[in-house]
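*Asks:* What follows is my_file-v2.txt; its format and atoms are compact mmCIF, C-alpha atoms and all ligand atoms.
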```txt
# COMPACT_ATOMS: atom_id res chain seq x y z
CA MET A 69 189.60 -110.72 118.41
CA THR A 70 187.44 -108.22 116.56
CA SER A 71 189.15 -106.30 113.82
CA PRO A 72 188.79 -102.54 113.34
CA ILE A 73 185.97 -101.31 111.11
CA LEU A 74 188.11 -98.34 110.07
CA SER A 75 191.88 -97.88 110.22
CA VAL A 76 193.92 -94.81 109.46
CA LEU A 77 197.66 -95.30 108.97
CA ASP A 78 200.18 -92.45 109.00
CA LEU A 79 197.72 -90.19 107.18
CA LYS A 80 199.01 -86.88 105.83
CA VAL A 81 196.97 -84.06 104.34
CA HIS A 82 198.94 -80.97 103.36
CA PHE A 83 197.49 -77.82 101.79
CA ALA A 84 199.70 -75.71 99.54
CA VAL A 85 200.27 -72.11 100.57
CA ARG A 86 200.60 -70.00 97.43
CA GLY A 87 202.34 -66.68 96.96
CA PRO A 88 202.47 -64.21 94.07
CA PHE A 89 201.95 -65.78 90.60
CA ASN A 90 200.38 -68.78 92.32
CA ARG A 91 203.81 -70.07 93.30
CA ARG A 92 203.86 -72.67 96.01
CA ILE A 93 205.64 -71.05 98.96
CA GLY A 94 204.89 -73.55 101.66
CA ALA A 95 202.42 -76.04 103.08
CA ILE A 96 199.94 -76.24 105.91
CA LYS A 97 200.33 -79.67 107.41
CA ALA A 98 196.71 -79.96 108.52
CA VAL A 99 197.05 -83.69 109.17
CA ASP A 100 200.62 -84.87 109.57
CA GLY A 101 201.05 -88.55 110.33
CA VAL A 102 197.86 -89.64 112.08
CA SER A 103 197.13 -93.29 112.88
CA PHE A 104 194.22 -94.85 114.75
CA ASP A 105 191.75 -97.73 114.65
CA LEU A 106 188.00 -97.48 115.06
CA MET A 107 186.44 -100.61 116.56
CA PRO A 108 182.90 -101.61 115.55
CA GLY A 109 180.26 -100.04 117.80
CA GLU A 110 182.55 -97.69 119.68
CA VAL A 111 182.37 -93.94 120.10
CA PHE A 112 185.81 -92.55 119.39
CA GLY A 113 186.39 -88.92 120.32
CA LEU A 114 188.75 -86.50 118.63
CA VAL A 115 189.50 -83.33 120.58
CA GLY A 116 191.78 -80.35 120.09
CA GLU A 117 191.73 -76.60 119.57
CA SER A 118 190.19 -75.03 116.52
CA GLY A 119 192.46 -75.37 113.49
CA CYS A 120 194.34 -78.49 114.66
CA GLY A 121 193.07 -80.55 111.72
CA LYS A 122 190.04 -82.41 113.10
CA SER A 123 187.64 -81.63 110.25
CA THR A 124 190.34 -82.18 107.63
CA LEU A 125 190.96 -85.63 109.09
CA GLY A 126 187.23 -86.44 109.03
CA LYS A 127 186.75 -85.15 105.49
CA THR A 128 189.77 -87.07 104.23
CA ILE A 129 188.37 -90.30 105.64
CA MET A 130 185.19 -89.46 103.70
CA GLY A 131 187.15 -88.89 100.50
CA ILE A 132 186.25 -85.19 100.36
CA ASN A 133 189.93 -84.25 100.75
CA GLN A 134 192.72 -86.23 99.12
CA PRO A 135 195.54 -87.47 101.36
CA ASN A 136 199.17 -86.72 100.52
CA GLY A 137 200.30 -89.89 102.21
CA GLY A 138 199.22 -92.79 104.37
CA GLU A 139 196.36 -95.25 104.11
CA ILE A 140 192.67 -95.53 104.99
CA TRP A 141 191.11 -98.97 105.45
CA PHE A 142 187.40 -99.70 105.80
CA GLU A 143 186.16 -103.21 106.63
CA GLY A 144 189.47 -104.75 105.62
CA ARG A 145 189.76 -102.92 102.31
CA GLN A 146 192.02 -100.00 101.44
CA ILE A 147 189.72 -97.22 100.27
CA ASP A 148 191.94 -94.18 99.72
CA ARG A 149 193.03 -95.32 96.25
CA LEU A 150 189.79 -96.72 94.90
CA PRO A 151 188.52 -95.52 91.53
CA PRO A 152 185.65 -93.00 91.89
CA ALA A 153 182.72 -95.40 91.35
CA ALA A 154 183.97 -97.92 93.93
CA ARG A 155 184.72 -95.07 96.30
CA ARG A 156 181.16 -93.74 96.00
CA ALA A 157 179.80 -97.15 96.93
CA VAL A 158 181.92 -97.14 100.11
CA ARG A 159 180.82 -93.63 100.89
CA LYS A 160 177.27 -94.81 101.58
CA SER A 161 178.59 -96.77 104.55
CA LEU A 162 180.64 -93.84 105.81
CA GLN A 163 178.74 -90.66 106.52
CA TYR A 164 179.78 -87.22 107.72
CA ALA A 165 177.46 -85.05 109.78
CA TYR A 166 178.38 -81.45 109.13
CA GLN A 167 178.96 -78.97 111.91
CA ASP A 168 176.06 -76.89 110.61
CA PRO A 169 173.40 -79.21 109.20
CA GLY A 170 171.22 -76.20 108.39
CA ALA A 171 173.80 -75.31 105.76
CA SER A 172 173.66 -78.79 104.22
CA LEU A 173 169.88 -78.56 103.72
CA ASP A 174 168.70 -76.75 100.63
CA PRO A 175 166.65 -73.77 101.88
CA ARG A 176 164.32 -74.00 98.86
CA TRP A 177 163.46 -77.65 99.47
CA LYS A 178 160.94 -79.01 101.92
CA ILE A 179 162.43 -81.40 104.48
CA GLY A 180 160.74 -84.34 102.72
CA ARG A 181 162.58 -83.64 99.49
CA SER A 182 165.93 -83.23 101.26
CA LEU A 183 165.44 -86.62 102.86
CA GLN A 184 164.46 -88.24 99.54
CA GLU A 185 167.47 -87.00 97.64
CA PRO A 186 170.20 -89.32 98.98
CA LEU A 187 167.95 -92.31 98.39
CA VAL A 188 167.17 -91.23 94.84
CA ILE A 189 170.89 -90.91 94.11
CA HIS A 190 172.31 -93.85 96.04
CA SER A 191 169.60 -96.51 96.23
CA ASP A 192 167.33 -98.35 93.86
CA LEU A 193 164.32 -98.17 96.18
CA ASP A 194 161.03 -97.26 94.51
CA ALA A 195 158.99 -94.27 95.62
CA ALA A 196 156.86 -96.22 98.10
CA ALA A 197 159.87 -97.88 99.73
CA ARG A 198 161.66 -94.52 99.96
CA GLU A 199 158.65 -92.96 101.59
CA GLN A 200 158.47 -95.78 104.12
CA ARG A 201 162.14 -95.59 105.02
CA ILE A 202 161.98 -91.83 105.45
CA ARG A 203 158.99 -92.05 107.76
CA SER A 204 160.59 -94.68 109.96
CA ILE A 205 163.82 -92.71 110.22
CA LEU A 206 162.00 -89.49 110.96
CA GLU A 207 160.34 -91.28 113.83
CA ALA A 208 163.70 -92.65 115.04
CA VAL A 209 165.12 -89.11 115.26
CA GLY A 210 162.01 -87.96 117.11
CA LEU A 211 160.31 -85.74 114.51
CA PRO A 212 156.66 -85.87 113.46
CA ASP A 213 155.64 -86.65 109.86
CA THR A 214 154.29 -83.14 109.53
CA HIS A 215 157.89 -81.90 109.33
CA LEU A 216 158.20 -83.40 105.85
CA ASP A 217 156.21 -80.46 104.53
CA LEU A 218 158.22 -77.75 106.28
CA TYR A 219 161.18 -75.75 105.01
CA PRO A 220 164.51 -75.69 106.93
CA HIS A 221 163.92 -72.12 108.14
CA GLU A 222 160.62 -73.17 109.70
CA ILE A 223 162.27 -75.52 112.22
CA SER A 224 164.62 -74.91 115.17
CA GLY A 225 168.38 -75.49 115.24
CA GLY A 226 167.94 -78.65 117.30
CA GLN A 227 165.36 -79.96 114.83
CA GLN A 228 167.68 -79.14 111.93
CA ARG A 229 170.31 -81.38 113.55
CA ARG A 230 167.73 -84.15 113.73
CA VAL A 231 166.89 -83.70 110.05
CA GLY A 232 170.62 -83.68 109.19
CA LEU A 233 170.99 -86.99 111.04
CA ALA A 234 167.89 -88.45 109.44
CA ARG A 235 169.31 -87.56 106.04
CA ILE A 236 172.48 -89.50 106.77
CA LEU A 237 170.69 -92.45 108.31
CA THR A 238 168.43 -93.04 105.31
CA LEU A 239 171.44 -94.68 103.63
CA HIS A 240 172.02 -97.08 106.56
CA PRO A 241 175.67 -96.14 107.15
CA LYS A 242 178.02 -98.11 109.39
CA VAL A 243 180.33 -95.33 110.50
CA VAL A 244 179.17 -91.78 111.16
CA ILE A 245 181.62 -88.93 111.65
CA LEU A 246 179.95 -86.31 113.84
CA ASP A 247 181.76 -82.99 113.42
CA GLU A 248 181.10 -80.62 116.35
CA PRO A 249 177.56 -82.00 116.63
CA THR A 250 176.49 -79.80 119.54
CA SER A 251 178.18 -76.50 118.76
CA GLY A 252 175.78 -73.60 118.65
CA LEU A 253 173.04 -75.46 120.54
CA ASP A 254 171.65 -74.48 123.95
CA VAL A 255 172.88 -76.68 126.75
CA SER A 256 169.44 -78.26 127.24
CA VAL A 257 169.12 -79.02 123.53
CA GLN A 258 172.68 -80.39 123.56
CA ALA A 259 171.68 -82.96 126.14
CA THR A 260 168.72 -84.22 124.13
CA VAL A 261 170.77 -84.36 120.93
CA LEU A 262 173.46 -86.38 122.72
CA SER A 263 170.95 -88.85 124.08
CA LEU A 264 169.50 -89.14 120.58
CA PHE A 265 172.99 -90.07 119.29
CA ARG A 266 173.15 -92.79 121.94
CA SER A 267 169.81 -94.32 121.05
CA LEU A 268 170.47 -94.13 117.30
CA ARG A 269 173.77 -95.90 117.78
CA GLN A 270 171.89 -98.80 119.35
CA THR A 271 169.04 -98.85 116.84
CA PHE A 272 171.21 -98.63 113.73
CA GLU A 273 174.35 -100.37 115.11
CA LEU A 274 176.52 -97.38 114.32
CA THR A 275 180.14 -96.64 115.03
CA TYR A 276 180.84 -92.98 115.75
CA MET A 277 183.84 -90.78 115.38
CA LEU A 278 182.92 -87.71 117.40
CA ILE A 279 184.87 -84.55 116.68
CA SER A 280 184.60 -81.82 119.27
CA HIS A 281 186.52 -79.10 121.02
CA ASP A 282 184.11 -79.58 123.94
CA LEU A 283 185.73 -81.90 126.46
CA ALA A 284 182.51 -82.35 128.44
CA VAL A 285 180.73 -83.74 125.37
CA VAL A 286 183.60 -86.09 124.61
CA ARG A 287 183.77 -87.28 128.17
CA THR A 288 180.10 -88.23 128.37
CA MET A 289 179.89 -89.77 124.92
CA CYS A 290 183.15 -91.53 124.09
CA ASN A 291 184.80 -94.71 125.23
CA ARG A 292 188.11 -93.72 123.67
CA VAL A 293 189.65 -90.32 123.02
CA ALA A 294 192.45 -88.96 120.87
CA VAL A 295 193.88 -85.50 121.53
CA MET A 296 195.10 -83.68 118.46
CA TYR A 297 197.58 -80.81 118.30
CA LEU A 298 198.58 -79.17 115.00
CA GLY A 299 197.98 -82.17 112.78
CA ARG A 300 199.14 -84.93 115.10
CA ILE A 301 197.61 -87.10 117.79
CA VAL A 302 199.61 -86.32 120.92
CA GLU A 303 197.77 -88.62 123.30
CA ALA A 304 195.12 -91.32 122.89
CA GLY A 305 193.52 -93.83 125.22
CA PRO A 306 190.44 -94.91 127.12
CA THR A 307 188.32 -91.89 128.10
CA GLU A 308 188.66 -92.48 131.84
CA GLU A 309 192.41 -92.71 131.64
CA ILE A 310 192.73 -89.59 129.50
CA PHE A 311 190.59 -87.55 131.90
CA ASP A 312 191.82 -89.03 135.18
CA ARG A 313 195.46 -89.44 134.29
CA PRO A 314 196.42 -87.14 131.40
CA ARG A 315 200.11 -87.58 130.62
CA HIS A 316 200.82 -85.20 127.76
CA PRO A 317 201.38 -81.57 128.85
CA TYR A 318 198.94 -80.44 126.15
CA THR A 319 196.18 -82.74 127.39
CA ARG A 320 196.86 -81.53 130.93
CA SER A 321 196.56 -77.90 129.92
CA LEU A 322 193.35 -78.53 127.96
CA LEU A 323 191.82 -80.15 131.03
CA ALA A 324 193.08 -77.41 133.33
CA ALA A 325 191.46 -74.80 131.12
CA ILE A 326 188.07 -76.27 132.03
CA PRO A 327 188.03 -76.20 135.83
CA LYS A 328 184.66 -77.91 136.17
CA ILE A 329 185.99 -81.03 134.50
CA GLY A 330 189.69 -81.30 135.20
CA GLY A 331 189.87 -78.96 138.18
CA PRO A 332 189.95 -81.16 141.23
CA ARG A 333 192.35 -83.63 139.67
CA ILE A 334 194.91 -81.15 138.47
CA THR A 335 196.19 -79.32 141.47
CA ARG A 336 198.35 -76.59 140.03
CA ASP A 337 197.32 -74.35 137.21
CA PHE A 338 198.68 -75.52 133.94
CA TRP A 339 197.57 -72.95 131.43
CA LEU A 340 198.60 -72.96 127.83
CA GLN A 341 201.30 -70.46 127.13
CA GLY A 342 200.86 -68.11 124.17
CA GLU A 343 199.21 -68.75 120.84
CA PRO A 344 199.50 -71.88 118.73
CA PRO A 345 202.30 -71.50 116.15
CA ASP A 346 201.53 -70.79 112.49
CA PRO A 347 200.48 -74.16 111.04
CA GLY A 348 202.35 -73.24 107.84
CA ASN A 349 205.56 -72.79 109.82
CA LEU A 350 205.82 -75.44 112.51
CA PRO A 351 208.56 -75.45 115.16
CA SER A 352 211.38 -78.01 114.91
CA GLY A 353 211.13 -81.17 116.96
CA CYS A 354 208.00 -81.37 119.09
CA ARG A 355 205.37 -79.02 117.68
CA PHE A 356 203.99 -78.34 121.16
CA ARG A 357 207.33 -77.23 122.64
CA THR A 358 206.82 -73.50 122.06
CA ARG A 359 203.88 -73.57 124.49
CA CYS A 360 205.12 -76.28 126.82
CA PRO A 361 206.41 -75.52 130.32
CA LYS A 362 208.53 -78.68 130.26
CA ALA A 363 210.33 -78.18 126.94
CA THR A 364 214.10 -78.81 126.74
CA ASP A 365 216.75 -78.92 123.99
CA LEU A 366 215.75 -82.48 123.22
CA CYS A 367 212.20 -81.30 122.41
CA ALA A 368 213.57 -78.78 119.90
CA ARG A 369 215.72 -81.44 118.24
CA GLU A 370 213.55 -84.51 118.09
CA GLU A 371 209.90 -85.03 117.33
CA PRO A 372 208.64 -87.44 120.01
CA ALA A 373 207.16 -90.70 118.71
CA ALA A 374 203.95 -92.08 120.22
CA ARG A 375 204.69 -94.73 122.82
CA PRO A 376 202.51 -96.80 125.11
CA LEU A 377 202.01 -95.67 128.71
CA GLY A 378 199.41 -97.44 130.81
CA GLN A 379 196.55 -98.08 128.41
CA SER A 380 197.26 -94.86 126.50
CA SER A 381 199.70 -93.83 123.86
CA VAL A 382 201.62 -90.59 124.39
CA ALA A 383 203.87 -88.58 122.08
CA CYS A 384 206.05 -86.67 124.55
CA HIS A 385 209.69 -86.88 125.69
CA PHE A 386 208.67 -86.08 129.27
CA PRO A 387 205.19 -87.44 129.93
CA ASP A 388 203.70 -87.33 133.45
N1 LIG A 401 190.75 -76.48 101.94
C1 LIG A 401 191.74 -75.94 102.66
N2 LIG A 401 192.74 -75.22 102.08
C2 LIG A 401 193.75 -74.71 102.79
N3 LIG A 401 193.87 -74.81 104.14
C3 LIG A 401 192.91 -75.49 104.79
C4 LIG A 401 191.79 -76.09 104.09
N4 LIG A 401 191.00 -76.71 105.02
C5 LIG A 401 191.59 -76.50 106.21
N5 LIG A 401 192.73 -75.78 106.09
C6 LIG A 401 193.66 -75.41 107.17
O1 LIG A 401 194.05 -76.62 107.82
C7 LIG A 401 194.12 -76.44 109.22
C8 LIG A 401 193.17 -77.40 109.91
O2 LIG A 401 191.82 -76.99 109.67
P1 LIG A 401 190.58 -77.85 110.18
O3 LIG A 401 190.78 -79.26 109.79
O4 LIG A 401 189.35 -77.18 109.71
O5 LIG A 401 190.70 -77.72 111.77
P2 LIG A 401 189.64 -77.99 112.93
O6 LIG A 401 188.50 -78.76 112.34
O7 LIG A 401 190.42 -78.77 113.96
O8 LIG A 401 189.24 -76.66 113.47
C9 LIG A 401 193.81 -74.97 109.48
O9 LIG A 401 195.04 -74.27 109.55
C10 LIG A 401 193.02 -74.57 108.25
O10 LIG A 401 193.15 -73.20 108.00
MG MG A 402 186.42 -78.25 112.34
```
As structure tokens, what does this structure read like?
*Replies:*
Amino acid sequence: MTSPILSVLDLKVHFAVRGPFNRRIGAIKAVDGVSFDLMPGEVFGLVGESGCGKSTLGKTIMGINQPNGGEIWFEGRQIDRLPPAARRAVRKSLQYAYQDPGASLDPRWKIGRSLQEPLVIHSDLDAAAREQRIRSILEAVGLPDTHLDLYPHEISGGQQRRVGLARILTLHPKVVILDEPTSGLDVSVQATVLSLFRSLRQTFELTYMLISHDLAVVRTMCNRVAVMYLGRIVEAGPTEEIFDRPRHPYTRSLLAAIPKIGGPRITRDFWLQGEPPDPGNLPSGCRFRTRCPKATDLCAREEPAARPLGQSSVACHFPD
């Protein structure tokens, strides 16, 4: 049996909410007990509404945010408590593609220099070897050499994504976290960027964690999907099962909200009720109950644990 390349165990990331005189008056539980395994070579999708903790989870895996609890394992080694130097070495293998790669490129630097920088910092390649690697990766992401001499504002949004990817790939990572990789792109550009992700995964033997609120993207790209709601994974399983047989009321309502995907399979309308609760003041019991048409007293009393159903895992007292 293959073992996971990355494992997250009961991860918690809480942000302090401060009042007058900087007193701690509460906490936003951005990630609140998340567990999953990432198998080598797979594309694992993470979906959920804005603010549910997707980026915080990704950044905590990267070591950008510190967890308040739980464990992160990479290639059989616990990485969340490594001293800084050892952690930096691991970080080369784990890369995070920002939602807006334009923002991660220095506007005053030509593309060539932006691509050099990670190699200068993290590798001991000489100038000629760096140059060679950059050219081969630029070709892999489908950009001509001439782009090395352009500034970020001189290229399109789609091309900026390609440069952002090239920048990550220069370090030969093993796991890439793609955070909303297609948001803000035209639909036609989205399609070419997605097919680029597919071919790069093959070429560089990558494992992806794909974060998106766009269910269509997740459905076409991922072999496994986890649905997140206010800091917790409420349902996870093989993509087909999640889309064809959603069992958690939240997953069902997400799918129903996009008729062109979930429509024919979900016969009655199953819209989300109301707004998500304040993440700094979560409801008792199941955190979805305030918007759930099926909620009972039990849901207010007891937080449902994730349990296996079919090939999925579902955290609901009354799954379908
Ligand atoms: N650095 C931070 N300090 C305080 N609160 C934060 C910070 N980062 C994120 N949050 C809060 O954590 C929650 C989850 O945010 P985020 O992970 O960005 O969600 P998503 O990526 O799913 O949209 C939100 O309520 C957000 O306001
Ligand atoms: Mg986000």
*Asks:* Using all atoms listed in the file, find each residue with an atom at most 6 Å away from ligand LIG 401 (chain A) and format the answer as a list in words.
*Replies:*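 Every residue with an atom at most 6 Å from ligand LIG 401 (chain A) is listed here: Phe83, Ala98, Ser118, Gly119, Cys120, Gly121, Lys122, Ser123, Thr124 and Pro347 of chain A.
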*Asks:* Quick one: pull the distance between CA of Gly137 in chain A and CA of Pro344 in chain A, Å, one decimal.
*Replies:* 24.5 Å
*Asks:* A:Gln270, A:Ser71, A:Ser321, A:Ser263: which is nearest Pro108 in chain A, counting all atoms listed in the file?
*Replies:*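 For Pro108 in chain A, the nearest of the candidates is A:Ser71.
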*Asks:* Identify, counting all atoms listed in the file, the protein, DNA and RNA residues located within 12 Å of ligand MG 402 (chain A), and give them as number ranges by chain.
*Replies:* A: 98, 114-127, 165-168, 245-249, 251, 278-282, 296
*Asks:* Compare A:Leu274, A:Ile129, A:Ile202, A:Ala363 by their minimum atom-to-atom distance to Val243 in chain A, counting all atoms listed in the file, and give me the closest one.
*Replies:*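 With all atoms listed in the file as the atom set, the closest residue is A:Leu274.
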*Asks:* One decimal, in Å: what's the spacing between CA of Tyr276 in chain A and CA of His240 in chain A?
*Replies:*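 Interatomic distance here is 13.4 Å.
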*Asks:* Taking (205.4, -90.0, 138.5) as a centre in this file's frame and 10 Å as the limit, can you find every polymer residue with an atom that close, using all atoms listed in the file, and give them as a ChimeraX atom specification?
*Replies:* /A:315,387-388
*Asks:* Enter the distance from CA of Cys384 in chain A to CA of Arg359 in chain A, in Å, rounded to one decimal.
*Replies:* 13.3 Å
*Asks:* Using all atoms listed in the file for the distances, tell me which of A:Gly299, A:Gly94, A:Gly180, A:Pro306 is nearest to Val286 in chain A.
*Replies:*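 Result for the nearest residue to Val286 in chain A: A:Pro306.
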